[in-house]
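Written out below as structure tokens is the structure these notes cover.
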Amino acid sequence: MIKEKIQQLAKDIFNDVVANRRHLHAHPELSFHEVATSVFVAGKLQELGLEYHKMADTGLVALIKGDKPSDQVVALRADMDALPITEANDVPYKSQNPGVMHACGHDVHTSSLLGVAKILTDLKSEFGGTIKLIFQPAEEKLPGGASLMIQEGVLENPKPQAVIGQHVMPLIDAGKVGFRAGKYMASTDELYVTVRGKGGHGAQPQQNVDPVVITAHIITALQTIVSRSADPKSPSVLSFGKVIANGATNVIPNEVYLEGTFRTMDEKWRSEAHLKIKKVAEGIAESMGGSCEFNIMRGYPFLINEEKLTANTRSHAEDYLGKENVLDLDIWMAAEDFAYYSQVADSCFYRLGTRNESRGITSSVHTPTFDVEESALEQSTGLMAYLAIKQLGN
């Protein structure tokens, strides 16, 4: 049976997948700068005899065509970029690029898809249809590599009937995966705000227009956008993570600078909220004698897993891994540029468990101590290969 053949191949190539993951982990590159990573992936595709073409500068796309007749097409996506984080792990494959780290598991995604390519290439005689491999740059930085690759036609010639992606999740034990149909991850917008007043001596507030106090009122008032303007049934998050008031104990500054994020799962409300947020902030600043420059950088849309496709992939995952190893996921207010694919094509984005408490592998993504239980790489390659072949109707 095809399942047993895939499982055996996943075991056979496991050490190679781990080696590829460790190489990528040791040589991380930031978003839109994945030059060496792209060369590495291209070399591995060439070793498999696969032709590829470049997109979005450092992105790569390759096709694997089964020998049996079929016009079905499935796309599999992996992202390749790393984060501006200094790694704190003491491991042989620790990042060799200072201040850059694969702290979100994209090294796992890329090495896994290379493993999938090996499995599917070896099994070409067993299936019909075409599998499109998408190695995507810049998931971590706006405007997102997915949007650029879509603009350049990654979902055309041939057009896939489904797009499937996976992402590590350190909350789930290695050997397990998680699915959620429908809305899954939030849109994300970046907020950049400057509140201006008139600075001066802290002991003479009557002579100043205090932007610190204005900012405090703005931050507090904007929370009512979520608590009183948003539909309670539609999740929204408004957070400010950076506030710079560069004064002193007795110095009121001329301005305060803020950065934050707004997230939701409703595109209509998202646009309405942008207008409300700016209006409230500017109105408060003006009413208190100051001014507010409020810029919103529109980011990724929300991610939606198509119901039928997700039900099918979940069923196939249960068949491959066992029902006890396939979990239900809750909505998650983090964002992912895979959402761009999900807005224009039937898509399924699932989670790969990478946790191992006995080995202390529990750190969250985007932290200096993030790592993965590498045994999960056997499931990440075999399962994705199986999902692709099953989705093609084989």
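Residue numbering restarts at 1 in every chain; chains get A, B, ... in the order shown in the structure tokens, and ligands count up from 1 in that same order.
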Which residues of range 131-153 of chain A come within 8 Å of range 339-346 of chain A, and for each one, what is the closest pair of atoms and their distance in Å to one decimal, counting only C-alpha atoms, sorted by chain and residue number, as a Markdown table?
```
| residue | atom | partner | partner_atom | distance |
| --- | --- | --- | --- | --- |
| A:Ala146 | CA | A:Tyr340 | CA | 6.3 |
| A:Ser147 | CA | A:Tyr340 | CA | 6.1 |
| A:Ile150 | CA | A:Tyr341 | CA | 7.7 |
```
Residue selection dump (N, CA and C atoms) as a CSV table (one decimal), in the first residue's frame:
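The resulting file, out-v4.csv, is shown below:
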```csv
chain,number,residue,atom,x,y,z
A,146,ALA,N,4.5,35.4,0.5
A,146,ALA,CA,3.4,34.7,-0.2
A,146,ALA,C,2.7,35.7,-1.1
A,147,SER,N,2.5,36.9,-0.7
A,147,SER,CA,1.8,37.9,-1.5
A,147,SER,C,2.6,38.2,-2.8
A,150,ILE,N,2.4,35.1,-5.2
A,150,ILE,CA,1.1,35.0,-5.8
A,150,ILE,C,1.0,36.0,-6.9
```
Alpha helix (DSSP H) per DSSP on the backbone: members of range 109-316 of chain A, as number ranges by chain: A: 109-122, 145-151, 211-224, 267-287, 307-316
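Each of A:Leu309, A:Ile225, A:Val74, A:Ala26 was checked against Pro98 in chain A using only C-alpha atoms; the smallest atom-to-atom distance is that of A:Ala26.
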Quick one: residues within 8 Å of range 36-38 of chain A, only C-alpha atoms, excluding same-chain residues fewer than 5 positions away - as a VMD selection string? chain A and resid 24 27 to 29 58 to 60 80
Selection export as an mmCIF file, in the first residue's frame, atoms kept: N, CA and C atoms:
```cif
data_model
loop_
_atom_site.group_PDB
_atom_site.id
_atom_site.type_symbol
_atom_site.label_atom_id
_atom_site.label_comp_id
_atom_site.auth_asym_id
_atom_site.auth_seq_id
_atom_site.Cartn_x
_atom_site.Cartn_y
_atom_site.Cartn_z
ATOM 1 N N LEU A 24 20.447 24.229 7.746
ATOM 2 C CA LEU A 24 19.656 25.453 7.615
ATOM 3 C C LEU A 24 19.610 26.208 8.942
ATOM 4 N N HIS A 27 22.679 28.201 9.525
ATOM 5 C CA HIS A 27 22.939 29.268 8.557
ATOM 6 C C HIS A 27 21.647 30.036 8.248
ATOM 7 N N PRO A 28 21.028 30.648 9.243
ATOM 8 C CA PRO A 28 19.758 31.347 9.038
ATOM 9 C C PRO A 28 19.951 32.664 8.300
ATOM 10 N N GLU A 29 18.923 33.070 7.570
ATOM 11 C CA GLU A 29 18.960 34.349 6.865
ATOM 12 C C GLU A 29 17.630 35.065 7.051
ATOM 13 N N THR A 58 14.240 35.260 -4.082
ATOM 14 C CA THR A 58 14.869 34.089 -3.470
ATOM 15 C C THR A 58 13.935 32.889 -3.362
ATOM 16 N N GLY A 59 12.698 33.016 -3.796
ATOM 17 C CA GLY A 59 11.763 31.902 -3.757
ATOM 18 C C GLY A 59 12.012 30.917 -4.887
ATOM 19 N N LEU A 60 11.576 29.669 -4.674
ATOM 20 C CA LEU A 60 11.760 28.617 -5.666
ATOM 21 C C LEU A 60 10.465 27.833 -5.831
ATOM 22 N N MET A 80 11.143 29.963 4.322
ATOM 23 C CA MET A 80 12.582 29.769 4.475
ATOM 24 C C MET A 80 13.298 30.782 5.360
#
```
Per-residue DSSP, range 154-391 of chain A, filtered to strand (DSSP E or B), as a ChimeraX atom specification: /A:162-173,177-179,182-185,189-196,198,200-201,209,236-244,248,251-252,255-264,291-298,303-305,326-328,332,347-356,361
Please build the interface table for range 283-315 of chain A against range 369-383 of chain A with a cut-off of 12 Å, listing for each qualifying residue the nearest atom pair and the distance in Å to one decimal; count only C-alpha atoms, order rows by chain and increasing number, and write it as a tab-separated table.
```
residue	atom	partner	partner_atom	distance
A:Thr313	CA	A:Leu383	CA	9.8
A:Arg314	CA	A:Leu383	CA	10.7
A:Ser315	CA	A:Leu383	CA	11.7
```
Just the selected residues (C-alpha atoms), exported as a short mmCIF file (atom, residue, chain, number, x, y, z; two decimals), in the first residue's frame, please.
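The resulting file, part.cif, is shown below:
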```
data_model
loop_
_atom_site.label_atom_id
_atom_site.label_comp_id
_atom_site.auth_asym_id
_atom_site.auth_seq_id
_atom_site.Cartn_x
_atom_site.Cartn_y
_atom_site.Cartn_z
CA THR A 313 -6.67 16.19 5.15
CA ARG A 314 -7.57 15.56 8.77
CA SER A 315 -9.10 12.21 7.85
#
```
Test item: residues at most 8 Å from range 322-335 of chain A, only C-alpha atoms, excluding those fewer than 6 positions along its chain, as a ChimeraX atom specification: /A:175-180,183-188,237,263-264,300,302-303,314
Find the residues near Ser239 in chain A: any atom within 9 Å, counting only C-alpha atoms, skip ones fewer than 3 places away on the same chain, and give them as a short mmCIF file (atom, residue, chain, number, x, y, z; two decimals) with C-alpha atoms, in the first residue's frame.
```
data_model
loop_
_atom_site.label_atom_id
_atom_site.label_comp_id
_atom_site.auth_asym_id
_atom_site.auth_seq_id
_atom_site.Cartn_x
_atom_site.Cartn_y
_atom_site.Cartn_z
CA ILE A 219 -3.95 53.88 24.85
CA GLN A 223 -9.23 49.52 24.18
CA GLU A 259 4.11 50.93 17.99
CA GLY A 260 1.38 48.33 18.19
CA THR A 261 -0.70 45.74 16.41
CA PHE A 262 -4.34 45.25 15.50
CA ARG A 263 -5.68 41.78 14.70
#
```
Among listed residues A:Val154, A:Leu50, A:Ala117, A:Met288, nearest Ala216 in chain A (using only C-alpha atoms): A:Met288
Test item: residues at most 10 Å from His23 in chain A, only C-alpha atoms, excluding those fewer than 4 positions along its chain, as a ChimeraX atom specification: /A:17-19,27-28,37,40,93-95,107,111
Of A:Lys5, A:Lys65, A:His53, A:Arg196, the one nearest to Glu255 in chain A when counting only C-alpha atoms is A:Arg196
Could you build a table of the residues in range 131-237 of chain A lying no more than 8 Å from range 245-250 of chain A, giving for each the nearest pair of atoms and their separation in Å rounded to one decimal place, using only C-alpha atoms, ordered by chain and ascending residue number, as JSON lines?
```
{"residue": "A:His201", "atom": "CA", "partner": "A:Asn250", "partner_atom": "CA", "distance": 5.9}
{"residue": "A:Gly202", "atom": "CA", "partner": "A:Asn250", "partner_atom": "CA", "distance": 4.3}
{"residue": "A:Ala203", "atom": "CA", "partner": "A:Asn250", "partner_atom": "CA", "distance": 6.7}
{"residue": "A:Val212", "atom": "CA", "partner": "A:Ala245", "partner_atom": "CA", "distance": 6.7}
```
N, CA and C atoms of the current selection, written as a PDB file, in the first residue's frame:
```pdb
ATOM      1  N   HIS A 201       9.515  71.819  31.532  1.00  0.00           N
ATOM      2  CA  HIS A 201       9.862  71.381  32.877  1.00  0.00           C
ATOM      3  C   HIS A 201       8.693  70.633  33.510  1.00  0.00           C
ATOM      4  N   GLY A 202       9.002  69.484  34.153  1.00  0.00           N
ATOM      5  CA  GLY A 202       7.953  68.698  34.776  1.00  0.00           C
ATOM      6  C   GLY A 202       7.282  69.387  35.939  1.00  0.00           C
ATOM      7  N   ALA A 203       7.949  70.421  36.508  1.00  0.00           N
ATOM      8  CA  ALA A 203       7.367  71.153  37.635  1.00  0.00           C
ATOM      9  C   ALA A 203       6.468  72.296  37.184  1.00  0.00           C
ATOM     10  N   VAL A 212       2.730  62.803  27.103  1.00  0.00           N
ATOM     11  CA  VAL A 212       2.700  61.550  27.850  1.00  0.00           C
ATOM     12  C   VAL A 212       1.293  61.293  28.379  1.00  0.00           C
TER      13      VAL A 212
END
```
Tell me which protein, DNA and RNA residues are within 6 Å of Pro170 in chain A, counting only C-alpha atoms, leaving out same-chain ones fewer than 5 positions away, and put them as number ranges by chain. A: 354-355, 362
With distances taken over only C-alpha atoms, which residue among A:Val213, A:Met55, A:Ile172, A:Ile252 lies nearest Lys198 in chain A? A:Ile252
